[in-house]
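Colleague: Could you have a look at this structure, given as C-alpha cells, before my questions?
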Amino acid sequence: ITISPDQIENQKITLTSEQYHYLIRVLRLQKSDRFIAMNGQGQWWLAKLLGQQAEIIEPIAIHTELPISVTLIIALPKNGFDEVVKQITELGVTKIIPVISDRTILKPSPQKIDRWRRIANEAAEQSERQIVPEIREPIPFKNSFSLVNQPKYICYARGNSPHLLNYLIPPSNTAITIATGPEGGWTEKEIQEAIAAEFQTVSLGKRILTATLAPIVALSLVTATTEM
Ligand code: SAM
C-alpha cells in the first residue's frame with residue numbers, strides 16, 4: 001500500500017479505513033501478517049498488521065527504477081488514456097505530461113486527473129516501483145516545451161524521420177523526453193513549433209500506431225535499450 005509521511009509515527013503506521021479494508025478484505029491478511037508499505041518517493045518498508053495500525057519491521061532496499069528519467073508528453077487520446085497511464089507506469093515512466101494539441105478531442109475534467117493519479121499509484125505498487133510517476137495537469141502542447149530538457153523527441157508518423165532507436169543506442173543519456181500525438185496526428189504547425197523548440201522528429205517504424213500504443217512502444221524501446 002502507499003502511505004503518506006503523516007501516517008508514520010514511532011515506527012507505527014496508522015492505516016486509513018480504506019487501506020485497512022484493502023488489507024483485510026481484498027488481500028485477506030490477518031493480524032500479524034506482513035505486507036509492504038511504500039511512500040511513492042522511493043522508500044519501502046516491511047510492516048506487520050496489528051489492526052487499524054501496523055508496525056514497521058524494517059526498511060526494504062529495492063532497485064526497480066530505470067537508469068534514465070523518462071518524461072512522456074502525450075496528446076490526450078479520445079479514449080483509453082487510463083490504460084496508457086497504467087501500462088507506462090508499469091514500464092517505468094518518470095513523468096507524464098498530458099497535453100491538449102490542435103487535434104485533441106478530449107477535454108479532461110479534474111476527476112479524470114485524480115483517477116489517472118490513482119491508477120498510477122496502483123500500477124506503481126503492483127510493479128514494485130520505488131516511485132510513483134508524476135502526472136501533471138493537462139496543458140496546451142506548446143506550454144510543455146519549457147518544462148522539459150534535451151534530448152527531446154517528437155514521434156511523427158509522416159515523413160522520413162530517423163527511427164527513435166538511432167538515438168537510444170548506445171544509451172548515453174540520464175534523461176529523455178518523448179512526445180506522441182493524438183488520433184488525428186500532429187498538425188504541420190505543431191511539428192514546426194516543436195522543431196523550433198529543439199525537438200527531433202522520430203519514427204517508430206513503418207506502420208501507423210494508434211495514439212494509445214505509440215507512447216507504450218516508445219517507452220518500451222527506452223526500457224529495452226537502457227536495461228539490456
Ligand atoms: N494520421 C495521423 C498522422 O498522420 O500523423 C496518425 C496519428 S497516430 C494514430 C497517433 C500518434 O502516434 C502520432 O501523432 C505519432 O506521434 C505516433 N505514431 C504513430 N505511429 C507512428 C510511427 N510509425 N512513427 C512515429 N510516430 C508514430
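Ordering of the C-alpha cells sets the chain letters (A, B, ...), residue numbers begin anew at 1 in every chain, and ligands are numbered from 1 in the order given.
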Can I get the residues close to ligand 1 as an MDAnalysis selection string, where close means within 7 Å and we count only C-alpha atoms and all ligand atoms?
Modeller: chainID A and resid 154:158 179:186 202:211 214
Colleague: Write out as a tab-separated table the residues of range 124-159 of chain A that have any atom within 6 Å of an atom of range 95-107 of chain A, one row each with the nearest atom pair and its distance in Å to one decimal, counting only C-alpha atoms, sorted by chain and then rising number.
Modeller:
residue	atom	partner	partner_atom	distance
A:Pro133	CA	A:Lys95	CA	5.2
A:Glu134	CA	A:Lys95	CA	4.8
A:Ile135	CA	A:Ile96	CA	4.8
A:Arg136	CA	A:Ile97	CA	5.2
A:Pro138	CA	A:Pro98	CA	4.8
A:Ile139	CA	A:Val99	CA	5.0
A:Pro140	CA	A:Ile100	CA	4.7
A:Phe141	CA	A:Val99	CA	5.0
Colleague: Please identify which residues in range 3-208 of chain A DSSP calls strand (DSSP E) from the backbone, and express them as JSON, numbers by chain.
Modeller: {"A": [8, 9, 12, 13, 14, 34, 35, 36, 37, 38, 44, 45, 46, 47, 48, 49, 53, 54, 55, 56, 57, 58, 59, 60, 69, 70, 71, 72, 73, 74, 75, 95, 96, 97, 98, 99, 100, 134, 135, 139, 140, 152, 153, 154, 155, 175, 176, 177, 178, 179, 180, 199, 200, 201, 202]}
Colleague: By how many Å are CA of Asn10 in chain A and CA of Ser32 in chain A apart?
Modeller: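 Computing it gives 18.1 Å between the two atoms.
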Colleague: Rounded to one decimal place, report the CA of Pro170 in chain A-CA of Leu147 in chain A distance in Å.
Modeller: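 Distance between the two atoms: 25.7 Å.
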Colleague: Determine the nearest neighbour of Arg118 in chain A from the options A:Ala196, A:Leu76, A:Leu91, A:Val85, counting only C-alpha atoms.
Modeller: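 Once distances to Arg118 in chain A are computed over only C-alpha atoms, the minimum belongs to A:Val85.
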Colleague: Apply DSSP to the structure's backbone, then extract all residues of chain A labelled helix (DSSP H, G or I) and return them as a ChimeraX atom specification.
Modeller: /A:5-7,17-26,81-91,110-126,141-147,165-168,188-196,213-227
Colleague: For the selection just defined, write its residues with C-alpha atoms to a file, as a PDB file, in the first residue's frame.
Modeller:
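After the write, result.pdb holds the following:
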ATOM      1  CA  PRO A   5       4.558  10.646   5.717  1.00  0.00           C
ATOM      2  CA  ASP A   6       1.994  11.804   8.320  1.00  0.00           C
ATOM      3  CA  GLN A   7       0.749   8.225   8.700  1.00  0.00           C
ATOM      4  CA  SER A  17     -10.032   2.788   6.805  1.00  0.00           C
ATOM      5  CA  GLU A  18      -9.702   2.312   3.027  1.00  0.00           C
ATOM      6  CA  GLN A  19      -6.188   0.829   3.425  1.00  0.00           C
ATOM      7  CA  TYR A  20      -7.289  -1.331   6.366  1.00  0.00           C
ATOM      8  CA  HIS A  21     -10.210  -2.753   4.401  1.00  0.00           C
ATOM      9  CA  TYR A  22      -7.987  -3.351   1.398  1.00  0.00           C
ATOM     10  CA  LEU A  23      -5.552  -5.393   3.518  1.00  0.00           C
ATOM     11  CA  ILE A  24      -8.294  -7.355   5.324  1.00  0.00           C
ATOM     12  CA  ARG A  25     -10.942  -7.801   2.643  1.00  0.00           C
ATOM     13  CA  VAL A  26      -9.018  -7.761  -0.624  1.00  0.00           C
ATOM     14  CA  PHE A  81      -5.783   7.042 -21.548  1.00  0.00           C
ATOM     15  CA  ASP A  82      -6.468   5.181 -18.256  1.00  0.00           C
ATOM     16  CA  GLU A  83      -4.881   2.065 -19.722  1.00  0.00           C
ATOM     17  CA  VAL A  84      -1.972   4.079 -21.152  1.00  0.00           C
ATOM     18  CA  VAL A  85      -1.241   5.532 -17.686  1.00  0.00           C
ATOM     19  CA  LYS A  86      -1.317   2.037 -16.182  1.00  0.00           C
ATOM     20  CA  GLN A  87       0.973   0.498 -18.772  1.00  0.00           C
ATOM     21  CA  ILE A  88       3.561   3.270 -18.971  1.00  0.00           C
ATOM     22  CA  THR A  89       3.713   3.293 -15.169  1.00  0.00           C
ATOM     23  CA  GLU A  90       4.402  -0.455 -15.240  1.00  0.00           C
ATOM     24  CA  LEU A  91       7.121   0.139 -17.834  1.00  0.00           C
ATOM     25  CA  PRO A 110     -10.392  17.334 -12.641  1.00  0.00           C
ATOM     26  CA  GLN A 111     -11.982  13.968 -11.705  1.00  0.00           C
ATOM     27  CA  LYS A 112     -10.175  12.332 -14.619  1.00  0.00           C
ATOM     28  CA  ILE A 113      -6.819  13.681 -13.438  1.00  0.00           C
ATOM     29  CA  ASP A 114      -7.457  12.302  -9.935  1.00  0.00           C
ATOM     30  CA  ARG A 115      -8.313   8.963 -11.481  1.00  0.00           C
ATOM     31  CA  TRP A 116      -5.101   8.875 -13.540  1.00  0.00           C
ATOM     32  CA  ARG A 117      -3.114   9.573 -10.372  1.00  0.00           C
ATOM     33  CA  ARG A 118      -4.882   6.738  -8.542  1.00  0.00           C
ATOM     34  CA  ILE A 119      -4.223   4.391 -11.454  1.00  0.00           C
ATOM     35  CA  ALA A 120      -0.529   5.349 -11.452  1.00  0.00           C
ATOM     36  CA  ASN A 121      -0.355   4.687  -7.706  1.00  0.00           C
ATOM     37  CA  GLU A 122      -1.845   1.225  -8.054  1.00  0.00           C
ATOM     38  CA  ALA A 123       0.278   0.339 -11.079  1.00  0.00           C
ATOM     39  CA  ALA A 124       3.479   1.506  -9.334  1.00  0.00           C
ATOM     40  CA  GLU A 125       2.621  -0.674  -6.341  1.00  0.00           C
ATOM     41  CA  GLN A 126       1.849  -3.731  -8.399  1.00  0.00           C
ATOM     42  CA  PHE A 141       1.222  21.268 -26.128  1.00  0.00           C
ATOM     43  CA  LYS A 142       3.284  24.432 -26.624  1.00  0.00           C
ATOM     44  CA  ASN A 143       3.342  25.135 -22.870  1.00  0.00           C
ATOM     45  CA  SER A 144       5.076  21.802 -22.246  1.00  0.00           C
ATOM     46  CA  PHE A 145       8.187  22.912 -24.173  1.00  0.00           C
ATOM     47  CA  SER A 146       9.621  24.934 -21.308  1.00  0.00           C
ATOM     48  CA  LEU A 147       9.072  22.099 -18.806  1.00  0.00           C
ATOM     49  CA  LEU A 165      16.299   3.600 -31.800  1.00  0.00           C
ATOM     50  CA  ASN A 166      19.050   5.532 -33.591  1.00  0.00           C
ATOM     51  CA  TYR A 167      19.135   7.924 -30.644  1.00  0.00           C
ATOM     52  CA  LEU A 168      18.883   5.281 -27.932  1.00  0.00           C
ATOM     53  CA  GLU A 188       2.340  20.619 -39.540  1.00  0.00           C
ATOM     54  CA  LYS A 189       2.382  23.828 -37.465  1.00  0.00           C
ATOM     55  CA  GLU A 190       2.864  21.837 -34.232  1.00  0.00           C
ATOM     56  CA  ILE A 191       5.721  19.871 -35.780  1.00  0.00           C
ATOM     57  CA  GLN A 192       7.423  23.080 -36.921  1.00  0.00           C
ATOM     58  CA  GLU A 193       6.994  24.670 -33.482  1.00  0.00           C
ATOM     59  CA  ALA A 194       8.396  21.565 -31.789  1.00  0.00           C
ATOM     60  CA  ILE A 195      11.394  21.529 -34.138  1.00  0.00           C
ATOM     61  CA  ALA A 196      11.974  25.225 -33.356  1.00  0.00           C
ATOM     62  CA  LEU A 213       0.029   2.396 -28.471  1.00  0.00           C
ATOM     63  CA  ALA A 214       2.658   4.947 -29.590  1.00  0.00           C
ATOM     64  CA  PRO A 215       3.755   6.085 -26.075  1.00  0.00           C
ATOM     65  CA  ILE A 216       3.927   2.464 -24.911  1.00  0.00           C
ATOM     66  CA  VAL A 217       6.114   1.452 -27.853  1.00  0.00           C
ATOM     67  CA  ALA A 218       8.392   4.481 -27.451  1.00  0.00           C
ATOM     68  CA  LEU A 219       8.860   3.777 -23.735  1.00  0.00           C
ATOM     69  CA  SER A 220       9.424   0.052 -24.377  1.00  0.00           C
ATOM     70  CA  LEU A 221      12.334   0.963 -26.651  1.00  0.00           C
ATOM     71  CA  VAL A 222      13.834   3.121 -23.896  1.00  0.00           C
ATOM     72  CA  THR A 223      13.448   0.358 -21.277  1.00  0.00           C
ATOM     73  CA  ALA A 224      14.916  -2.269 -23.599  1.00  0.00           C
ATOM     74  CA  THR A 225      17.940  -0.219 -24.589  1.00  0.00           C
ATOM     75  CA  THR A 226      18.749   1.066 -21.111  1.00  0.00           C
ATOM     76  CA  GLU A 227      18.286  -2.233 -19.259  1.00  0.00           C
TER      77      GLU A 227
END
Colleague: Measuring between only C-alpha atoms, which one of A:Pro151, A:Gly51, A:Gly42, A:Pro77 shows the shortest distance to Ala175 in chain A?
Modeller: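 Nearest to Ala175 in chain A: A:Pro151.
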Colleague: Could you give me, as number ranges by chain, the residues within 7 Å of range 57-61 of chain A, counting only C-alpha atoms and dropping anything in the same chain fewer than 3 positions from it?
Modeller: A: 44-48
